[in-house]
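Asks: This is target24.tsv (TSV, C-alpha atoms).
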chain	number	residue	atom	x	y	z
R	1	MET	CA	26.25	-8.98	97.43
R	2	ASP	CA	28.45	-7.46	100.15
R	3	ARG	CA	31.60	-8.56	98.42
R	4	PHE	CA	30.54	-6.53	95.36
R	5	ALA	CA	30.10	-3.29	97.19
R	6	PRO	CA	33.64	-1.81	97.35
R	7	ALA	CA	34.56	-2.66	93.79
R	8	PHE	CA	31.16	-1.67	92.49
R	9	LEU	CA	31.17	1.71	94.20
R	10	PHE	CA	34.72	2.42	93.10
R	11	SER	CA	33.88	1.54	89.53
R	12	ARG	CA	30.84	3.81	89.65
R	13	LEU	CA	33.01	6.73	90.73
R	14	LEU	CA	35.45	6.08	87.93
R	15	LEU	CA	32.67	5.81	85.40
R	16	ILE	CA	31.21	9.11	86.54
R	17	ALA	CA	34.63	10.69	86.12
R	18	ALA	CA	34.97	9.13	82.69
R	19	GLY	CA	31.52	10.36	81.72
R	20	VAL	CA	32.50	13.90	82.59
R	21	LEU	CA	35.89	13.89	80.93
R	22	LEU	CA	35.50	11.62	77.94
R	23	PRO	CA	33.57	12.75	74.87
R	24	THR	CA	29.97	11.62	74.61
R	25	ARG	CA	28.50	9.62	71.80
R	26	ASN	CA	27.17	11.08	68.60
R	27	LEU	CA	24.00	12.52	70.05
R	28	PRO	CA	21.16	13.78	67.83
R	29	ALA	CA	21.74	17.38	68.86
R	30	GLN	CA	25.35	17.07	67.79
R	31	ARG	CA	24.23	15.80	64.42
R	32	GLY	CA	22.11	18.88	63.96
R	33	GLN	CA	18.83	17.10	64.67
R	34	GLY	CA	17.37	19.37	67.29
R	35	PRO	CA	13.92	18.79	68.74
R	36	THR	CA	11.04	19.66	66.48
R	37	ARG	CA	8.54	22.22	67.68
R	38	PRO	CA	4.96	21.04	67.67
R	39	THR	CA	2.95	22.74	64.96
R	40	ARG	CA	-0.12	20.59	65.41
R	41	VAL	CA	-2.70	20.58	68.16
R	42	PRO	CA	-3.19	17.42	70.24
R	43	VAL	CA	-6.36	15.63	71.20
R	44	THR	CA	-6.62	12.65	73.50
R	45	LEU	CA	-8.91	9.80	72.54
R	46	ALA	CA	-10.27	7.68	75.35
R	47	VAL	CA	-12.56	4.68	75.42
R	48	VAL	CA	-15.26	4.96	78.08
R	49	ASP	CA	-18.46	3.17	78.96
R	50	SER	CA	-21.71	4.43	77.51
R	51	ALA	CA	-22.72	6.24	80.71
R	52	ARG	CA	-19.97	8.80	80.04
R	53	THR	CA	-21.21	9.73	76.58
R	54	GLY	CA	-24.94	9.96	77.26
R	55	ASP	CA	-27.05	8.98	74.28
R	56	ALA	CA	-24.30	9.77	71.80
R	57	PRO	CA	-21.58	7.37	70.61
R	58	TYR	CA	-18.95	9.91	71.61
R	59	ARG	CA	-18.52	13.11	73.56
R	60	LEU	CA	-16.15	16.00	72.97
R	61	LEU	CA	-14.64	17.64	76.02
R	62	ARG	CA	-12.78	20.93	75.87
R	63	ARG	CA	-11.02	22.22	78.94
R	64	VAL	CA	-9.43	25.58	79.60
R	65	ASP	CA	-7.17	24.72	82.50
R	66	VAL	CA	-6.85	20.96	82.49
R	67	SER	CA	-4.41	18.93	80.44
R	68	PRO	CA	-5.12	17.32	78.06
R	69	ARG	CA	-7.19	20.23	76.78
R	70	ASP	CA	-9.29	18.37	74.23
R	71	VAL	CA	-10.58	14.87	74.86
R	72	ILE	CA	-12.81	12.67	72.76
R	73	LEU	CA	-14.64	10.13	74.87
R	74	LEU	CA	-15.50	7.27	72.58
R	75	ARG	CA	-17.98	4.63	73.54
R	76	ALA	CA	-16.52	1.12	73.46
R	77	GLY	CA	-17.34	-0.80	70.31
R	78	GLU	CA	-17.71	2.21	68.01
R	79	ASP	CA	-16.17	2.10	64.55
R	80	ALA	CA	-13.87	4.26	62.43
R	81	ALA	CA	-16.80	6.20	60.99
R	82	VAL	CA	-17.85	7.37	64.45
R	83	LEU	CA	-14.30	8.26	65.38
R	84	SER	CA	-13.98	10.18	62.11
R	85	GLU	CA	-17.18	12.06	62.81
R	86	ALA	CA	-15.92	13.00	66.26
R	87	ILE	CA	-12.60	14.22	64.88
R	88	ASN	CA	-14.26	16.10	62.01
R	89	ASN	CA	-16.59	17.82	64.45
R	90	LEU	CA	-13.68	18.73	66.70
R	91	LEU	CA	-11.90	20.22	63.68
R	92	LEU	CA	-15.01	22.21	62.84
R	93	ILE	CA	-15.31	23.44	66.42
R	94	ARG	CA	-11.66	24.41	66.50
R	95	ALA	CA	-12.04	26.25	63.20
R	96	GLN	CA	-14.92	28.34	64.54
R	97	THR	CA	-14.05	28.77	68.19
R	98	GLY	CA	-10.29	28.37	68.37
R	99	ASP	CA	-7.67	25.64	68.51
R	100	THR	CA	-7.60	25.94	72.28
R	101	ALA	CA	-10.76	26.14	74.30
R	102	LYS	CA	-11.93	29.41	75.78
R	103	VAL	CA	-14.75	27.74	77.69
R	104	SER	CA	-14.64	24.41	79.50
R	105	GLY	CA	-17.38	21.90	78.90
R	106	ALA	CA	-18.77	19.24	76.63
R	107	VAL	CA	-19.33	20.49	73.10
R	108	ARG	CA	-21.32	19.17	70.18
R	109	VAL	CA	-22.24	20.18	66.66
R	110	ARG	CA	-25.78	20.30	65.35
R	111	ASP	CA	-26.75	20.77	61.77
R	112	GLY	CA	-28.98	23.80	61.70
R	113	THR	CA	-29.94	23.56	58.04
R	114	ASP	CA	-32.36	20.68	57.79
R	115	GLY	CA	-31.64	18.55	60.80
R	116	ALA	CA	-30.56	15.68	58.59
R	117	LYS	CA	-27.43	13.83	59.60
R	118	ARG	CA	-24.78	14.27	56.98
R	119	GLN	CA	-22.57	11.46	55.80
R	120	ARG	CA	-19.14	12.70	56.82
R	121	ARG	CA	-15.80	11.62	55.43
R	122	VAL	CA	-14.14	8.64	57.10
R	123	LEU	CA	-10.54	9.49	57.80
R	124	PRO	CA	-8.26	6.92	56.17
R	125	TRP	CA	-6.14	6.51	59.30
R	126	ALA	CA	-9.06	6.31	61.73
R	127	GLY	CA	-9.10	2.51	61.66
R	128	ARG	CA	-5.45	2.31	62.62
R	129	VAL	CA	-5.85	4.77	65.47
R	130	LEU	CA	-8.95	2.94	66.64
R	131	ASN	CA	-6.97	-0.28	66.65
R	132	ASP	CA	-4.24	1.36	68.72
R	133	LEU	CA	-6.88	2.70	71.07
R	134	ARG	CA	-8.37	-0.73	71.54
R	135	GLN	CA	-4.95	-2.18	72.31
R	136	ALA	CA	-3.96	0.61	74.70
R	137	ARG	CA	-4.06	-0.44	78.28
R	138	PRO	CA	-5.71	1.93	80.76
R	139	GLY	CA	-3.85	5.06	81.76
R	140	GLU	CA	-4.78	8.11	83.78
R	141	VAL	CA	-6.52	10.92	81.89
R	142	GLU	CA	-7.12	13.87	84.16
R	143	GLY	CA	-10.77	14.55	84.76
R	144	VAL	CA	-11.79	11.35	83.02
R	145	GLY	CA	-10.21	8.56	85.01
R	146	THR	CA	-8.15	5.49	84.21
R	147	VAL	CA	-9.13	4.55	80.69
R	148	PRO	CA	-7.49	3.27	77.49
R	149	ALA	CA	-6.22	6.37	75.72
R	150	VAL	CA	-4.00	7.55	72.87
R	151	GLU	CA	-2.97	11.01	71.81
R	152	ILE	CA	-3.13	12.18	68.22
R	153	TRP	CA	-2.24	15.50	66.61
R	154	LEU	CA	-4.35	17.54	64.22
R	155	PRO	CA	-3.49	20.53	62.04
R	156	PRO	CA	-4.33	23.92	63.53
R	157	GLN	CA	-7.72	25.09	62.30
R	158	ARG	CA	-7.88	28.72	63.31
R	159	GLY	CA	-7.25	30.74	60.21
R	160	ARG	CA	-8.12	27.97	57.79
R	161	ARG	CA	-11.29	26.28	56.71
R	162	PRO	CA	-11.82	22.55	57.09
U	1	MET	CA	44.34	12.99	79.11
U	2	ARG	CA	41.74	10.47	77.89
U	3	LYS	CA	44.27	7.70	77.47
U	4	LEU	CA	45.67	8.41	80.88
U	5	LEU	CA	42.23	8.23	82.42
U	6	LEU	CA	41.48	4.92	80.67
U	7	VAL	CA	44.75	3.48	81.92
U	8	VAL	CA	43.90	4.60	85.43
U	9	ILE	CA	40.47	3.00	85.16
U	10	LEU	CA	41.87	-0.28	83.90
U	11	LEU	CA	44.69	-0.47	86.42
U	12	SER	CA	42.52	0.47	89.32
U	13	GLN	CA	39.99	-2.31	88.84
U	14	PRO	CA	40.13	-4.90	91.62
U	15	VAL	CA	41.36	-8.29	90.45
U	16	TRP	CA	41.20	-10.30	93.64
U	17	ASP	CA	38.35	-12.40	92.39
U	18	LYS	CA	38.76	-13.25	88.73
U	19	GLU	CA	35.68	-15.41	88.63
U	20	LEU	CA	33.57	-12.63	90.02
U	21	ALA	CA	35.24	-10.09	87.79
U	22	ALA	CA	34.40	-12.07	84.69
U	23	GLN	CA	30.77	-12.60	85.59
U	24	VAL	CA	28.04	-10.75	83.71
U	25	TRP	CA	24.45	-10.52	84.83
U	26	PHE	CA	21.49	-9.77	82.60
U	27	ARG	CA	18.18	-8.57	83.87
U	28	ASP	CA	15.01	-7.48	82.08
U	29	ILE	CA	13.95	-3.91	82.86
U	30	ASN	CA	10.87	-1.83	82.18
U	31	CYS	CA	11.15	-0.15	78.83
U	32	PRO	CA	11.14	3.67	78.74
U	33	THR	CA	8.40	5.77	77.19
U	34	ALA	CA	10.64	7.15	74.48
U	35	LEU	CA	13.82	5.96	72.85
U	36	ASN	CA	16.07	8.25	70.94
U	37	ASP	CA	18.91	6.78	68.94
U	38	LYS	CA	20.01	4.49	71.76
U	39	VAL	CA	18.12	1.61	70.16
U	40	ASN	CA	20.53	-1.16	69.19
U	41	ASP	CA	23.33	0.53	71.11
U	42	TYR	CA	23.17	3.63	68.95
U	43	GLN	CA	23.01	1.72	65.72
U	44	PRO	CA	20.22	2.24	63.19
U	45	VAL	CA	17.06	0.17	63.20
U	46	THR	CA	16.84	-2.32	60.36
U	47	HIS	CA	13.76	-3.22	58.37
U	48	ASP	CA	13.51	-4.99	55.02
U	49	GLY	CA	17.28	-4.93	54.75
U	50	ALA	CA	17.58	-1.17	55.07
U	51	LYS	CA	18.78	1.02	57.91
U	52	PHE	CA	16.62	3.71	59.46
U	53	TRP	CA	17.32	6.46	61.96
U	54	SER	CA	14.44	7.76	64.01
U	55	GLU	CA	13.28	8.47	67.48
U	56	TRP	CA	10.75	6.08	68.91
U	57	VAL	CA	7.85	6.42	71.32
U	58	SER	CA	5.92	3.70	73.07
U	59	VAL	CA	2.63	2.67	71.50
U	60	SER	CA	1.25	1.83	74.93
U	61	LEU	CA	0.72	4.45	77.59
U	62	ASP	CA	0.29	1.92	80.34
U	63	TYR	CA	3.02	2.14	82.96
U	64	PRO	CA	5.23	0.46	83.90
U	65	LEU	CA	6.00	-0.64	80.37
U	66	PRO	CA	6.97	-4.29	79.83
U	67	SER	CA	10.52	-5.34	79.03
U	68	ARG	CA	9.45	-6.20	75.51
U	69	ASN	CA	7.61	-3.18	74.28
U	70	ARG	CA	6.27	-1.89	70.98
U	71	TYR	CA	7.36	1.51	69.69
U	72	ARG	CA	6.38	3.64	66.75
U	73	ALA	CA	8.58	6.11	64.94
U	74	GLN	CA	8.17	9.73	65.96
U	75	PRO	CA	7.55	12.45	65.06
U	76	TYR	CA	6.89	10.83	61.69
U	77	SER	CA	5.41	7.39	61.27
U	78	THR	CA	6.84	7.27	57.75
U	79	ILE	CA	10.61	7.37	57.72
U	80	LEU	CA	13.25	7.22	55.05
U	81	SER	CA	16.18	4.81	55.03
U	82	ASP	CA	19.63	6.23	55.57
U	83	ASN	CA	20.48	5.79	51.91
U	84	GLY	CA	17.18	7.32	50.78
U	85	GLY	CA	16.16	4.22	48.88
U	86	LEU	CA	13.33	2.91	50.99
U	87	ARG	CA	10.37	4.53	52.66
U	88	TRP	CA	8.95	2.75	55.70
U	89	HIS	CA	5.29	3.49	56.42
U	90	ASP	CA	3.76	3.01	59.85
U	91	ALA	CA	7.21	2.14	61.15
U	92	ARG	CA	7.03	0.09	64.32
U	93	ILE	CA	9.50	-1.97	66.23
U	94	GLN	CA	9.47	-4.25	69.20
U	95	VAL	CA	12.33	-3.68	71.60
U	96	HIS	CA	13.78	-5.84	74.34
U	97	CYS	CA	14.94	-3.70	77.25
U	98	TYR	CA	17.46	-5.22	79.61
U	99	GLU	CA	20.35	-4.41	81.86
U	100	GLU	CA	23.85	-5.82	81.57
U	101	ARG	CA	25.77	-5.66	84.81
U	102	THR	CA	29.17	-6.61	86.10
U	103	ILE	CA	30.94	-5.55	89.23
U	104	TYR	CA	32.47	-2.74	87.20
U	105	TYR	CA	29.59	-1.30	85.25
U	106	GLU	CA	25.96	-1.53	84.30
U	107	ARG	CA	24.65	-0.90	80.84
U	108	PHE	CA	21.12	-0.60	79.59
U	109	HIS	CA	20.33	-2.13	76.24
U	110	TYR	CA	17.35	-1.55	73.97
U	111	HIS	CA	17.60	-4.11	71.24
U	112	GLN	CA	15.22	-4.32	68.36
U	113	VAL	CA	13.71	-7.79	68.19
U	114	ASN	CA	11.00	-7.26	65.61
U	115	SER	CA	9.65	-4.71	63.17
U	116	SER	CA	6.51	-4.12	61.18
U	117	GLY	CA	5.17	-1.72	58.59
U	118	ARG	CA	4.94	-1.37	54.87
U	119	THR	CA	7.95	-0.43	52.81
U	120	GLU	CA	8.12	1.17	49.45
U	121	ILE	CA	11.04	1.69	47.11
U	122	VAL	CA	11.59	5.37	46.51
U	123	GLN	CA	11.43	6.22	42.84
U	124	CYS	CA	13.90	9.00	42.26
U	125	THR	CA	12.99	11.90	40.06
U	126	THR	CA	15.16	14.93	40.51
U	127	GLY	CA	13.54	18.11	41.64
U	128	SER	CA	10.42	16.54	43.11
U	129	SER	CA	8.83	18.37	45.94
U	130	PRO	CA	7.97	16.80	49.27
U	131	ASP	CA	4.64	15.06	49.47
U	132	PRO	CA	2.10	17.88	49.70
U	133	PHE	CA	-0.67	15.94	51.37
U	134	LEU	CA	0.91	15.23	54.74
U	135	ASN	CA	-0.89	18.11	56.43
U	136	ASP	CA	-4.36	17.17	55.27
U	137	PRO	CA	-6.03	14.84	57.76
U	138	SER	CA	-8.30	13.46	55.07
U	139	SER	CA	-5.34	12.13	53.10
U	140	THR	CA	-3.96	8.62	53.38
U	141	GLY	CA	-0.48	10.04	53.96
U	142	TYR	CA	-1.51	11.97	57.05
U	143	ASP	CA	0.25	10.86	60.22
U	144	PRO	CA	-1.97	11.47	63.24
U	145	TYR	CA	0.87	10.74	65.64
U	146	ALA	CA	3.23	13.38	64.27
U	147	PHE	CA	3.15	16.55	66.32
U	148	SER	CA	4.62	18.66	63.57
U	149	ASP	CA	3.52	19.20	60.00
U	150	LEU	CA	7.06	19.70	58.80
U	151	THR	CA	7.91	17.13	56.17
U	152	ASP	CA	11.67	16.94	56.42
U	153	ALA	CA	11.74	13.49	57.98
U	154	THR	CA	9.87	11.81	55.19
U	155	SER	CA	10.84	13.77	52.16
U	156	SER	CA	13.94	13.40	50.09
U	157	ASP	CA	14.99	14.40	46.64
U	158	CYS	CA	12.90	11.51	45.48
U	159	SER	CA	9.15	11.21	45.30
U	160	GLY	CA	7.69	7.82	46.07
U	161	GLY	CA	4.13	8.65	45.18
U	162	ALA	CA	2.79	7.22	48.39
U	163	GLY	CA	-0.53	8.20	49.82
U	164	GLY	CA	-2.82	10.74	48.29
U	165	SER	CA	-5.92	12.56	49.20
U	166	THR	CA	-9.12	10.63	49.47
U	167	GLY	CA	-10.84	13.67	48.14
U	168	GLY	CA	-14.47	14.32	48.89
U	169	SER	CA	-16.80	17.20	48.41
U	170	CYS	CA	-17.26	20.19	50.65
U	171	SER	CA	-20.29	22.36	51.00
U	172	SER	CA	-21.49	25.17	53.17
U	173	ALA	CA	-23.81	24.27	56.00
U	174	TYR	CA	-25.42	26.14	58.83
U	175	VAL	CA	-24.14	24.57	62.02
U	176	ILE	CA	-24.75	25.17	65.69
U	177	ILE	CA	-22.01	24.50	68.22
U	178	GLU	CA	-23.40	23.87	71.66
U	179	VAL	CA	-21.72	23.62	75.02
U	180	SER	CA	-22.81	21.86	78.17
U	181	HIS	CA	-21.48	22.58	81.64
U	182	ASP	CA	-23.46	19.90	83.42
U	183	GLY	CA	-22.26	16.73	81.75
U	184	GLY	CA	-24.70	16.86	78.86
U	185	LEU	CA	-27.95	17.44	80.72
U	186	THR	CA	-28.51	20.88	79.22
U	187	TRP	CA	-26.96	22.50	76.18
U	188	GLN	CA	-26.48	26.14	75.26
U	189	THR	CA	-25.61	27.60	71.91
U	190	TYR	CA	-21.98	28.63	71.88
U	191	TRP	CA	-21.57	29.54	68.23
U	192	GLU	CA	-23.75	29.31	65.15
U	193	GLY	CA	-23.25	30.22	61.56
U	194	TRP	CA	-22.30	28.95	58.13
U	195	SER	CA	-19.35	26.64	57.96
U	196	THR	CA	-17.70	24.46	55.37
U	197	VAL	CA	-18.49	20.80	55.93
U	198	CYS	CA	-16.73	18.12	53.93
U	199	SER	CA	-18.04	14.68	53.20
Please rewrite the model in this file as structure tokens.

Replies:
Amino acid sequence: MDRFAPAFLFSRLLLIAAGVLLPTRNLPAQRGQGPTRPTRVPVTLAVVDSARTGDAPYRLLRRVDVSPRDVILLRAGEDAAVLSEAINNLLLIRAQTGDTAKVSGAVRVRDGTDGAKRQRRVLPWAGRVLNDLRQARPGEVEGVGTVPAVEIWLPPQRGRRP
Amino acid sequence: MRKLLLVVILLSQPVWDKELAAQVWFRDINCPTALNDKVNDYQPVTHDGAKFWSEWVSVSLDYPLPSRNRYRAQPYSTILSDNGGLRWHDARIQVHCYEERTIYYERFHYHQVNSSGRTEIVQCTTGSSPDPFLNDPSSTGYDPYAFSDLTDATSSDCSGGAGGSTGGSCSSAYVIIEVSHDGGLTWQTYWEGWSTVCS
């Protein structure tokens, strides 16, 4: 490798000079495709063991000063209906208490009318996201640990009704 | 000035070892989290015979990423071909990431090796508006991976009729939102009142 060194270093210097002086390629910004501002609110989905969710199939975490702010801990083996219920409840919570949390903690929704569990809509894309979540290899989620996780984006709820 | 610089570059390259100078090395590298238009050396991605421009983000969040990695289109998972004739839903590609190196330069390549997703021929009707359902999470056209609800990446002057709301009924229900600060051992009422619940 020693015999490469002089030529390689010299070529690097020339390439740096060329990069400065020669025009760059047709970058997206030059084509008028600037970055898009997020207009949705993220939530991180993570698969955890049942000890992390208590008796429930999932747990919603909202954090004030930790990123990601909203996390859904989903028990391994749950289906799209459970994921949909978790997301629908998060949307309801965001609609009533804000798209970003004002208080850190686990949150849940209880039906105060008759105590009966309502059949909630199953989101048509929940199965696909669940499949991605199952295929995701473990990554670090702050405050949760190293778990399989994906991030999805939901419409802002404050100011509109679900 | 540019020509002069190129001439200088070419003339200044060492030629004492022609065999070495002609040699090219290839090496697999870890794929990056996101790819802009550098896929296929800044050429469009192809799928079902059509060309598509998009930015791409890794499906996996597990680092380091492998040298053959799967990506999904972002910010929209549904993208339109460059001629507007084909809409690609759930656009995904597999990319081979590798380095090409000589004694003069090193280049990083991100070549598409596979693609998946459903395509649909765009039926053109002048004056159609962009799909209105993309912001409703209960619709089949909703993209949970898009961080913006702008529709400019998927809409064109043509309407393909893809997706559609799954519908469902909504009613008012009295709900209680509770919060726990001790990992779920005890719960306190945080908010309660009437709210619209859809099923």

Asks: Every residue with an atom at most 8 Å from (-12.3, 4.8, 65.3) (file coordinates; only C-alpha atoms) is what I'm after, so could you write them as a ChimeraX atom specification?

Replies: /R:78-84,126-131

Asks: Can you tell me how far CA of Pro32 (chain U) sits from CA of Tyr63 (chain U), in Å to one decimal?

Replies: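 The value is 9.3 Å.
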
Asks: Per residue of chain U within 6 Å of chain R, which atom pair is closest and at what distance in Å (one decimal), using all atoms listed in the file, listed by chain and increasing number, as a tab-separated table?

Replies:
residue	atom	partner	partner_atom	distance
U:Ser60	CA	R:Ala136	CA	5.4
U:Asp62	CA	R:Arg137	CA	5.4
U:Ile103	CA	R:Phe8	CA	5.1
U:Tyr104	CA	R:Ser11	CA	5.1
U:Ser138	CA	R:Leu123	CA	5.3
U:Thr140	CA	R:Pro124	CA	5.4
U:Pro144	CA	R:Ile152	CA	5.2
U:Tyr145	CA	R:Ile152	CA	5.0
U:Phe147	CA	R:Pro38	CA	5.0
U:Ser148	CA	R:Thr39	CA	4.6
U:Tyr174	CA	R:Gly112	CA	5.1
U:Val175	CA	R:Asp111	CA	4.6
U:Ile176	CA	R:Arg110	CA	5.0
U:Ile177	CA	R:Val109	CA	4.6
U:Glu178	CA	R:Arg108	CA	5.3
U:Val179	CA	R:Val107	CA	4.4
U:Ser180	CA	R:Ala106	CA	5.1
U:His181	CA	R:Gly105	CA	5.0
U:Ser199	CA	R:Arg120	CA	4.3

Asks: What is the distance, in Å and to one decimal place, between CA of Pro68 (chain R) and CA of Ala101 (chain R)?

Replies: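 So the answer is 11.1 Å.
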
Asks: Could you jot down the CA of Arg70 (chain U) to CA of Asp82 (chain U) separation for me, Å, one decimal place?

Replies: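 Value for the CA of Arg70 (chain U)-CA of Asp82 (chain U) distance: 22.0 Å.
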
Asks: Centre and edge lengths, as JSON, for the axis-aligned box enclosing every listed atom of region 129-147 of chain R with 3 Å of padding on each of the six sides, in Å to one decimal?

Replies:
{"center_x": -7.8, "center_y": 6.2, "center_z": 75.2, "size_x": 13.9, "size_y": 22.7, "size_z": 25.5}

Asks: I'd like the neighbourhood of region 37-52 of chain U as a ChimeraX atom specification, where a residue qualifies if any of its atoms comes within 8 Å (using only C-alpha atoms), though same-chain residues fewer than 5 positions away should be ignored.

Replies: /R:27-28 /U:79-83,86,95,109-112,115-116,119

Asks: Please list as an MDAnalysis selection string every residue within 9 Å of Ala73 (chain U), counting only C-alpha atoms and excluding residues in the same chain fewer than 5 positions away.

Replies: chainID U and resid 54:58 78:79 90:93

Asks: All heavy atoms are needed for region 120-127 of chain R; please write them out as a JSON list (two decimals), in the coordinates of the input.

Replies:
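Generated output (selection.json):
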[["chain", "number", "residue", "atom", "x", "y", "z"],
["R", 120, "ARG", "N", -20.43, 12.00, 56.78],
["R", 120, "ARG", "CA", -19.14, 12.70, 56.82],
["R", 120, "ARG", "C", -18.03, 11.77, 56.35],
["R", 120, "ARG", "O", -18.15, 10.56, 56.38],
["R", 120, "ARG", "CB", -18.86, 13.19, 58.23],
["R", 120, "ARG", "CG", -19.91, 14.16, 58.76],
["R", 120, "ARG", "CD", -19.83, 15.51, 58.08],
["R", 120, "ARG", "NE", -18.56, 16.15, 58.36],
["R", 120, "ARG", "CZ", -18.34, 16.88, 59.45],
["R", 120, "ARG", "NH1", -19.29, 17.05, 60.32],
["R", 120, "ARG", "NH2", -17.16, 17.44, 59.66],
["R", 121, "ARG", "N", -16.94, 12.39, 55.93],
["R", 121, "ARG", "CA", -15.80, 11.62, 55.43],
["R", 121, "ARG", "C", -15.21, 10.74, 56.54],
["R", 121, "ARG", "O", -15.10, 11.16, 57.69],
["R", 121, "ARG", "CB", -14.73, 12.57, 54.90],
["R", 121, "ARG", "CG", -14.28, 13.55, 55.96],
["R", 121, "ARG", "CD", -13.33, 14.60, 55.42],
["R", 121, "ARG", "NE", -13.05, 15.58, 56.46],
["R", 121, "ARG", "CZ", -12.24, 16.61, 56.30],
["R", 121, "ARG", "NH1", -11.64, 16.80, 55.14],
["R", 121, "ARG", "NH2", -12.04, 17.47, 57.27],
["R", 122, "VAL", "N", -14.84, 9.53, 56.16],
["R", 122, "VAL", "CA", -14.14, 8.64, 57.10],
["R", 122, "VAL", "C", -12.65, 8.84, 56.89],
["R", 122, "VAL", "O", -12.14, 8.67, 55.78],
["R", 122, "VAL", "CB", -14.53, 7.17, 56.85],
["R", 122, "VAL", "CG1", -13.71, 6.25, 57.76],
["R", 122, "VAL", "CG2", -16.01, 6.96, 57.10],
["R", 123, "LEU", "N", -11.98, 9.22, 57.92],
["R", 123, "LEU", "CA", -10.54, 9.49, 57.80],
["R", 123, "LEU", "C", -9.79, 8.19, 57.55],
["R", 123, "LEU", "O", -10.05, 7.18, 58.24],
["R", 123, "LEU", "CB", -10.03, 10.16, 59.08],
["R", 123, "LEU", "CG", -10.73, 11.49, 59.39],
["R", 123, "LEU", "CD1", -10.38, 11.98, 60.78],
["R", 123, "LEU", "CD2", -10.36, 12.54, 58.35],
["R", 124, "PRO", "N", -8.89, 8.18, 56.56],
["R", 124, "PRO", "CA", -8.26, 6.92, 56.17],
["R", 124, "PRO", "C", -7.41, 6.28, 57.26],
["R", 124, "PRO", "O", -7.15, 5.08, 57.22],
["R", 124, "PRO", "CB", -7.40, 7.32, 54.95],
["R", 124, "PRO", "CG", -7.27, 8.79, 55.01],
["R", 124, "PRO", "CD", -8.48, 9.31, 55.72],
["R", 125, "TRP", "N", -6.98, 7.05, 58.24],
["R", 125, "TRP", "CA", -6.14, 6.51, 59.30],
["R", 125, "TRP", "C", -6.93, 6.23, 60.57],
["R", 125, "TRP", "O", -6.37, 5.78, 61.58],
["R", 125, "TRP", "CB", -5.00, 7.48, 59.61],
["R", 125, "TRP", "CG", -5.41, 8.92, 59.61],
["R", 125, "TRP", "CD1", -5.39, 9.79, 58.56],
["R", 125, "TRP", "CD2", -5.99, 9.66, 60.71],
["R", 125, "TRP", "NE1", -5.89, 11.01, 58.93],
["R", 125, "TRP", "CE2", -6.26, 10.96, 60.24],
["R", 125, "TRP", "CE3", -6.29, 9.34, 62.02],
["R", 125, "TRP", "CZ2", -6.82, 11.93, 61.05],
["R", 125, "TRP", "CZ3", -6.85, 10.31, 62.84],
["R", 125, "TRP", "CH2", -7.11, 11.58, 62.35],
["R", 126, "ALA", "N", -8.24, 6.47, 60.52],
["R", 126, "ALA", "CA", -9.06, 6.31, 61.73],
["R", 126, "ALA", "C", -9.06, 4.86, 62.22],
["R", 126, "ALA", "O", -9.05, 4.60, 63.42],
["R", 126, "ALA", "CB", -10.47, 6.81, 61.47],
["R", 127, "GLY", "N", -9.08, 3.92, 61.27],
["R", 127, "GLY", "CA", -9.10, 2.51, 61.66],
["R", 127, "GLY", "C", -7.84, 2.12, 62.42],
["R", 127, "GLY", "O", -7.90, 1.38, 63.40]]
